[in-house]
Every structure is written in C-alpha cells, then in structure tokens.
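First the structure, in the form of structure tokens, and then the observations on it.
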Amino acid sequence: MITLVGATSAGGFVSSVTVDLPAGVQDGDRLLMLASANDFPTITSRPAGWAIMTEDIIGTDVATYVWTRVADNEPSSYTVTWEGAHWHFLNLIVFRGVDRVRSYAVNSGDSISSVPLPVLDAQPGDVLLAYGFHWGETSKTWTPSGLTTITNLSRAIISAYQVQAGGPTPAYTLVTSTVGHMAATAILLTPQAAPVEQPRFPLTIRTELQLGGEWVDISSDVRDTEPVVITRGRADEADTADTATCRLLLNNRHGRYSPRNPNSPYYGRLHRNTPIRVSVIAGEDRIPRFAGEVAEWPLRWDLSDHDAWIPITAAGPLRRLSQGVGHEYSALRRLLRSSNPVAYWPLTDGGNATTGRPDVGAHPIIAHDVLGPAPSAVLKRERVDWGEGDLAPWLEPVARTRTSRGRLTGPVDWADGAQTAWTADLVRARSGGEDQFGIVSHQGPDGAGVEWRLRFDYAVPDIRLFVRTFMGAPSGTFAELDAWARPQFFDDDPHHVRLSVTADGGDSVWEVYIDGTLVGSGTASSVPVRPPQYVEYRWLYPSTLPDDAEHASVGHITVWASADELVVPSPTDVLRALDGFAGERAGVRIERICREEGIALQVVGDLEATPPMGPQYVATPLEVMREAEEVDRGMLTEARDEVALLYRTHRSRYNQELSG
C-alpha cells in the first residue's frame, strides 16, 4: 500500500530555489520533485541523481518539470538554479511503498483557464498524483471533487493524489479564475507487491479465455492426460528473450470450442489471437504463470468420431511482433499517422511512384503543371523526383522538386458540420527557389472561398504569409499578413512549418510555427474560417538562382481539423520526432513505441534512469524496441498476468534478492 510521507514547497521571483526534505523520509521512499518556471525555463544546475520524467515547454518560455528518485541517505535540502530570475517554484512530495512509476502524461496550453488531467490506465492500489500549474497568481481547483490536496500555492503549483480502484483514472480538470499558461500532469505510482501464499502440491491450475471482454474459466475442459507446458525467457547464450508459449489439450467432445459451431455458447467469440491465461491457485491468491493469445483452433478427432480435442499452442505478444507486425516507419511518420489527422501524405513513395499515397485520407497527392486551378491542371508526374528527397539519415526519402515550376495537390475530405479551426504542417529541406505551401478552402453556401499561402523565397531569403478571399475559382490579390527573415531555413537540414487558423467571429486568428517556435500570430479581419478543400505545394525555380541553390525536398504534409494543443501534436513534439527523438532514454523509447502501436506494457524499474539514445531510424516496432533493450542492457519479455510486454531495466536488476 502506498502512503504519503510528506511534502514541502519553496519558490518566488528568484533564479535559485532551495526546498527542504520533508520530515520522516526513509531510504527506499519515492521522491518526486515538481517544478515550474516563467520566462527563464533553462536550468543551469539541479541536484544529481534525479531521473527526468517530464520537461514540458508551454508556448516559448514557460515550463513545468517532474523529476524523481528513490531515497538513499538524502541531504536536508535540494537546490535548483535557472538562467535568470523570475517566478520559479519547487514542490517536493514523498510517498512510501512505491515499487515504480507505472505511467505519466502531460496536457498543457496557453491562453486557457482550464486544462484536463490526462487519463491513465491504473491497476488496483495505484496512486494517481495530479500536478497542476498556472503561471499567474490565481485560485486553482480540481473538478470534480475526489482528489486529496497535497499543496496549493497562491501562484504556479497545485498537487493532489488519490488511490485507484483500477481501470481508467477519473477525468479531472484543473480550473482557474483567469486565462494563462497552464499544465496538468498525471503520474501513476505502482505499489510494492504484497507477498502471496505459496502454492502446495497437488497444484490447482486455472485456465481462462477472454471472451466478450470477460475472463471465462475453462479449466474443466483442459485434459490432464497431457501436461500443460509453458516456456519463457532466454535460451542458452541468447541475447534476447524468446516468445513465451503455452501448450495444452482442450476436450471438444461437446463442440464448445469449434469456432463455426452455432450451438456453442462461445459461437462468434473464438477468433484468431483470442487472449488466454494460465494461473496456479494458492488459497485465494492467483499466481499468474502465462498470458498470451491463441493463434488458431485446430480441430482433431479419432476415427470413431467418439473423441474430439483441440491442441492449443498459445504465444505471447512477441510472436506477432516478431512476424513483422508493424511497418518500417520513422519516428516522425509514426507520430503523425497516429495523431488523428484528417489527411496525411508522408510523400515517402518510391522512385517508381506516380502519385503520393496518403497514410490518412482517401485521395493521393499528385504532381501538376501550374496552369489553371487544381481541377483543370495537367498531370505531370515527371515534375517530381519521387523517393529522391533527403531530409535526414534517420528519416525516409521523400519527394524532390525537379523542374522549373510545378505543384503537388492533395484533396482533403472534411466531416460535415461547422468548422472553427484547422492546422496544416509541412516538412522540407534544401533551399528551393520561390516555393509556396497553400491551403485552399471549401466554398461556403455563398460561393466564397479562402486561400492561405506561406511563401519560402530563397533569393531574399524570407518566409511570408498571405491570404485572399475569392468567389468561384481561386483568384484575386493576396494580402500579406507578415514576413520573417529566416536564412537558416534554407539550409540542408529538415525544417518543420505549421500554420494554424481559428475562427473569431467572422475573422481568422492565425499562428505560424517554424521549427517548434511561434514566429508570428495575428488576426485576418473579415476572413472566415473554412475547412480545407485541398493543400498544395508550388515551386518556381528560375535559372537566375545562385549556384548553391538546390531543389527542395518535401514531405509529411498533414492536416488536422483542430488547432487545439490538446488535440494536435505540439510543434515541440513534432520537432523532437523530426530529430528522431535524439537523446530520448532507452526505456522511454520502448514505452513510447508501445503507446503508439497500442501495445500493453509493464515496467520493472525506472525508465528515466536508462541511457540516452541517438536518433530513431526507420525500423519495425520490435526492431526499435530491441535496439533500446540492447542500449540499456535490460530485458524485453512478456508479462505473465496479462497479454502485454514486460520491460525490466538494467538498473532494476542490480540488487535482486536471491531465493533458495
């Protein structure tokens, strides 16, 4: 059982904050330090031995952080120093009985007065730690009630906790009385396991299938004429763990396990990869021995037709992963395709491609000349070098422009209903000439449309934002909204560009991000927000360009039906994915891949206390996780109590107790 030992806080308009150790801390207790910073988020010194859990930048210069460690002869206080004086705070919280951090997540945004706490999947006995932040001096509360407050400072930090019964954590929201930069961080702490009663011979074995979301006991149908054989772990001298397997015989004289038998109580529920688990029962305790999936239901019978059985061979989730489940994608492509866009063209098609296939959406992106509107333009496949554009060694090759002019056009399907916001992303590299990223809207009932364009001009060099309204086909004069001198944008490195537009009555509020930084924002008066009908990338590459100019490499064009930071991946997250998450901890990489692929994961040890890694290269999910496992020298295997992967960090294996 997890119990709260105590908490202390400190801070103010300073550059350095010292917080005291709460009274009664013992070795083995779990320490969590919650920190916040306004205007000066760069930390110049902090205590050694703390693992970084989160460092969330809100806007450009406001940040929240969470660090953790296990108490071991702790000092009386800790000091954190930032690069300059502003509002900086620390909240040190100590719990006892914590085995590890199960999971955590952050929601944040600016110009908001409330923010939802992320919902996490909890096990019975887990403790939810809720850390809230508002950059100003304002009242802060969690709604609905149910959390026990730990700390509630007049400025910045509020913290609370709650013991969980299992399942998704409650949907709490941090509510304040004024608008500003806000964040809500949810952390799940796993309790130390209680000792269970040891099994005695003869063993009582329980076998269960998960049917319709419930575990059904089928132990009476497991034949004892053959042993239940479970294999798991590493073979002799193997570097990695093999897939866990379980073999048993099921009696099928009654036809209960024949998938196509309409008289079976399990008809329609016996499928490929049906979950199964096997446990040893000791008193009232269930000791898990295997959890996996039944790959097939092979029917067997004797010549007399008086006996029928099914030889089951179940395997853990490593089986499907090792059979090539999951595509060879870069970290950037995995992030964007899993972020629920309405359209996404990675433009990673090979050299024989004629169009750019969408990862999300129904329509390919095609190459045109630049004469006439999109519906009447002439298809010109040869205007693009498919698969020849370089972004970075760890990213897939993308498209590259090759002629003096042309454009790529991709239609966007939009759900019915009023539209109040959208976001469009682009990744490009090299100088290009005079290139433009355009978003053309659907026409409203009045026949009016809107066209937005970002122009990248190497000859100047700068980036400019334009918008125009039109009737019928796109035409008329563009109004220039802003310009930014960005010579570094036209080098050989990949760069991320984002345009987001939000309705404000009959006006449009716009924001432009370049490489994770908000470079400009404003309001386009009397310009309504319309849902995008198509996106396009135009280029003009005149012969007068300097000798060092190169055609642009273009890829990862993405459109979302929102501009909400809680819905669309933040520019910072996209930039980290563009960099292959370089510097990411090995254990954190395994957890992120499992989250992106929808794979359940159990963890033994502190993922933040694993070594940092270089950029993530194009690979399958299992290949990425195996590489991280090798860097950490940990062990990636399978859980015994649920169909899930289990990762044990290298550090967690240092002081394992030996039993005779």
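Please note that chains go A, B, ... in the order of the structure tokens, that every chain numbers its residues from 1, and that ligands are numbered from 1 in the order shown.
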Exercise. Out of segment 162-194 of chain A, which residues get strand (DSSP E or B) from DSSP, as a VMD selection string?
Worked result: chain A and resid 162 to 163 167 to 168 173 to 191
Selection export as a PDB file, in the first residue's frame, atoms kept: C-alpha atoms:
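Writing done, so here's out.pdb:
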```
ATOM      1  CA  GLN A 162      -5.898   9.586  -4.989  1.00  0.00           C
ATOM      2  CA  VAL A 163      -5.737   5.795  -4.544  1.00  0.00           C
ATOM      3  CA  GLY A 167      -9.244   0.912 -14.813  1.00  0.00           C
ATOM      4  CA  PRO A 168      -9.049   4.405 -16.382  1.00  0.00           C
ATOM      5  CA  THR A 173      -9.991  19.122 -14.843  1.00  0.00           C
ATOM      6  CA  LEU A 174      -7.827  21.875 -13.374  1.00  0.00           C
ATOM      7  CA  VAL A 175      -9.953  25.042 -13.254  1.00  0.00           C
ATOM      8  CA  THR A 176      -8.652  28.564 -12.567  1.00  0.00           C
ATOM      9  CA  SER A 177     -10.122  32.051 -12.392  1.00  0.00           C
ATOM     10  CA  THR A 178      -8.011  33.650 -15.105  1.00  0.00           C
ATOM     11  CA  VAL A 179      -6.578  32.883 -18.548  1.00  0.00           C
ATOM     12  CA  GLY A 180      -2.901  31.983 -18.909  1.00  0.00           C
ATOM     13  CA  HIS A 181      -0.299  29.289 -19.479  1.00  0.00           C
ATOM     14  CA  MET A 182      -1.448  26.048 -17.834  1.00  0.00           C
ATOM     15  CA  ALA A 183      -0.445  22.411 -17.491  1.00  0.00           C
ATOM     16  CA  ALA A 184      -1.810  19.257 -15.857  1.00  0.00           C
ATOM     17  CA  THR A 185       0.485  16.269 -15.284  1.00  0.00           C
ATOM     18  CA  ALA A 186      -0.863  12.838 -14.276  1.00  0.00           C
ATOM     19  CA  ILE A 187       1.516  10.318 -12.681  1.00  0.00           C
ATOM     20  CA  LEU A 188       0.610   6.744 -11.697  1.00  0.00           C
ATOM     21  CA  LEU A 189       2.620   5.137  -8.894  1.00  0.00           C
ATOM     22  CA  THR A 190       2.600   1.344  -8.579  1.00  0.00           C
ATOM     23  CA  PRO A 191       2.571  -0.175  -5.063  1.00  0.00           C
TER      24      PRO A 191
END
```
Problem set entry | Those in segment 256-333 of chain A with helix (DSSP H, G or I) from DSSP, as a ChimeraX atom specification | /A:317-322,331-333
Problem set entry | Given only C-alpha atoms as the counted atoms, nearest of A:Tyr617, A:Trp345, A:Trp510, A:Trp87 to Asp579 of chain A |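 The answer is A:Tyr617, which sits nearest to Asp579 of chain A.
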For this session: Tell me which protein, DNA and RNA residues are within 7 Å of Ile557 of chain A, counting only C-alpha atoms, leaving out same-chain ones fewer than 4 positions away, and put them as a ChimeraX atom specification.
Result: /A:344-346,425-427
How about saving the chosen residues, C-alpha atoms kept, as a JSON list (two decimals), in the first residue's frame?
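As written to disk, result.json reads:
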```json
[["chain", "number", "residue", "atom", "x", "y", "z"],
["A", 344, "TYR", "CA", -1.57, 12.91, -44.13],
["A", 345, "TRP", "CA", 0.79, 12.42, -47.08],
["A", 346, "PRO", "CA", 4.27, 11.30, -45.98],
["A", 425, "ASP", "CA", 2.04, 21.01, -41.34],
["A", 426, "LEU", "CA", 4.90, 20.64, -43.80],
["A", 427, "VAL", "CA", 8.48, 19.34, -43.60]]
```
For this session: Write out as a PyMOL selection string the residues lying within 8 Å of Glu480 of chain A, counting only C-alpha atoms and excluding same-chain residues fewer than 4 positions away.
Result: chain A and resi 464-467
Problem set entry | Option closest in space to Pro288 of chain A, from A:Ser159, A:Ser9, A:Ser111, A:Thr207 [counting only C-alpha atoms] |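 Checking each candidate against Pro288 of chain A, we get A:Thr207 as the closest.
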Can you pull out the residues contacting Thr243 of chain A? Cut-off 8 Å, using only C-alpha atoms, and skip same-chain residues under 6 positions away; I want them as a PDB file with N, CA and C atoms, in the first residue's frame.
```pdb
ATOM      1  N   ARG A 232       9.389 -19.919 -21.478  1.00  0.00           N
ATOM      2  CA  ARG A 232       9.566 -18.472 -21.488  1.00  0.00           C
ATOM      3  C   ARG A 232      11.031 -18.145 -21.228  1.00  0.00           C
ATOM      4  N   GLY A 233      11.404 -16.878 -21.452  1.00  0.00           N
ATOM      5  CA  GLY A 233      12.739 -16.398 -21.129  1.00  0.00           C
ATOM      6  C   GLY A 233      13.729 -16.585 -22.253  1.00  0.00           C
ATOM      7  N   ALA A 315       0.777 -18.144 -27.603  1.00  0.00           N
ATOM      8  CA  ALA A 315       2.058 -17.433 -27.558  1.00  0.00           C
ATOM      9  C   ALA A 315       1.841 -16.014 -27.055  1.00  0.00           C
ATOM     10  N   GLY A 316       2.903 -15.436 -26.496  1.00  0.00           N
ATOM     11  CA  GLY A 316       2.849 -14.059 -26.035  1.00  0.00           C
ATOM     12  C   GLY A 316       2.888 -13.075 -27.188  1.00  0.00           C
ATOM     13  N   PRO A 317       2.752 -11.783 -26.877  1.00  0.00           N
ATOM     14  CA  PRO A 317       2.685 -10.771 -27.949  1.00  0.00           C
ATOM     15  C   PRO A 317       3.956 -10.647 -28.766  1.00  0.00           C
ATOM     16  N   LEU A 318       5.092 -11.161 -28.281  1.00  0.00           N
ATOM     17  CA  LEU A 318       6.313 -11.104 -29.082  1.00  0.00           C
ATOM     18  C   LEU A 318       6.184 -11.911 -30.369  1.00  0.00           C
ATOM     19  N   ARG A 319       5.299 -12.922 -30.357  1.00  0.00           N
ATOM     20  CA  ARG A 319       5.139 -13.742 -31.565  1.00  0.00           C
ATOM     21  C   ARG A 319       4.667 -12.887 -32.733  1.00  0.00           C
ATOM     22  N   THR A 637      10.630  -8.833 -22.432  1.00  0.00           N
ATOM     23  CA  THR A 637       9.984 -10.138 -22.479  1.00  0.00           C
ATOM     24  C   THR A 637       8.478  -9.928 -22.384  1.00  0.00           C
ATOM     25  N   GLU A 638       7.750 -10.911 -21.834  1.00  0.00           N
ATOM     26  CA  GLU A 638       6.290 -10.827 -21.785  1.00  0.00           C
ATOM     27  C   GLU A 638       5.786 -10.994 -20.357  1.00  0.00           C
TER      28      GLU A 638
END
```
Exercise. Skipping near chain neighbours, those fewer than 5 positions away, what residues fall within 8 Å of Gly520 of chain A using only C-alpha atoms, listed as a PyMOL selection string?
Worked result: chain A and resi 482+511-513
Problem set entry | Long-range neighbours of Pro195 of chain A as an MDAnalysis selection string, 12 Å cut-off, only C-alpha atoms, 6 positions minimum in chain | chainID A and resid 282 285:287
Output file for the residues above (C-alpha atoms, as a PDB file, in the first residue's frame):
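The resulting file, again-v9.pdb, is reproduced below:
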```pdb
ATOM      1  CA  ALA A 282      -2.840 -20.846  -3.811  1.00  0.00           C
ATOM      2  CA  ASP A 285      -4.419 -15.951  -4.493  1.00  0.00           C
ATOM      3  CA  ARG A 286      -4.000 -16.386  -8.228  1.00  0.00           C
ATOM      4  CA  ILE A 287      -0.337 -16.711  -9.223  1.00  0.00           C
TER       5      ILE A 287
END
```
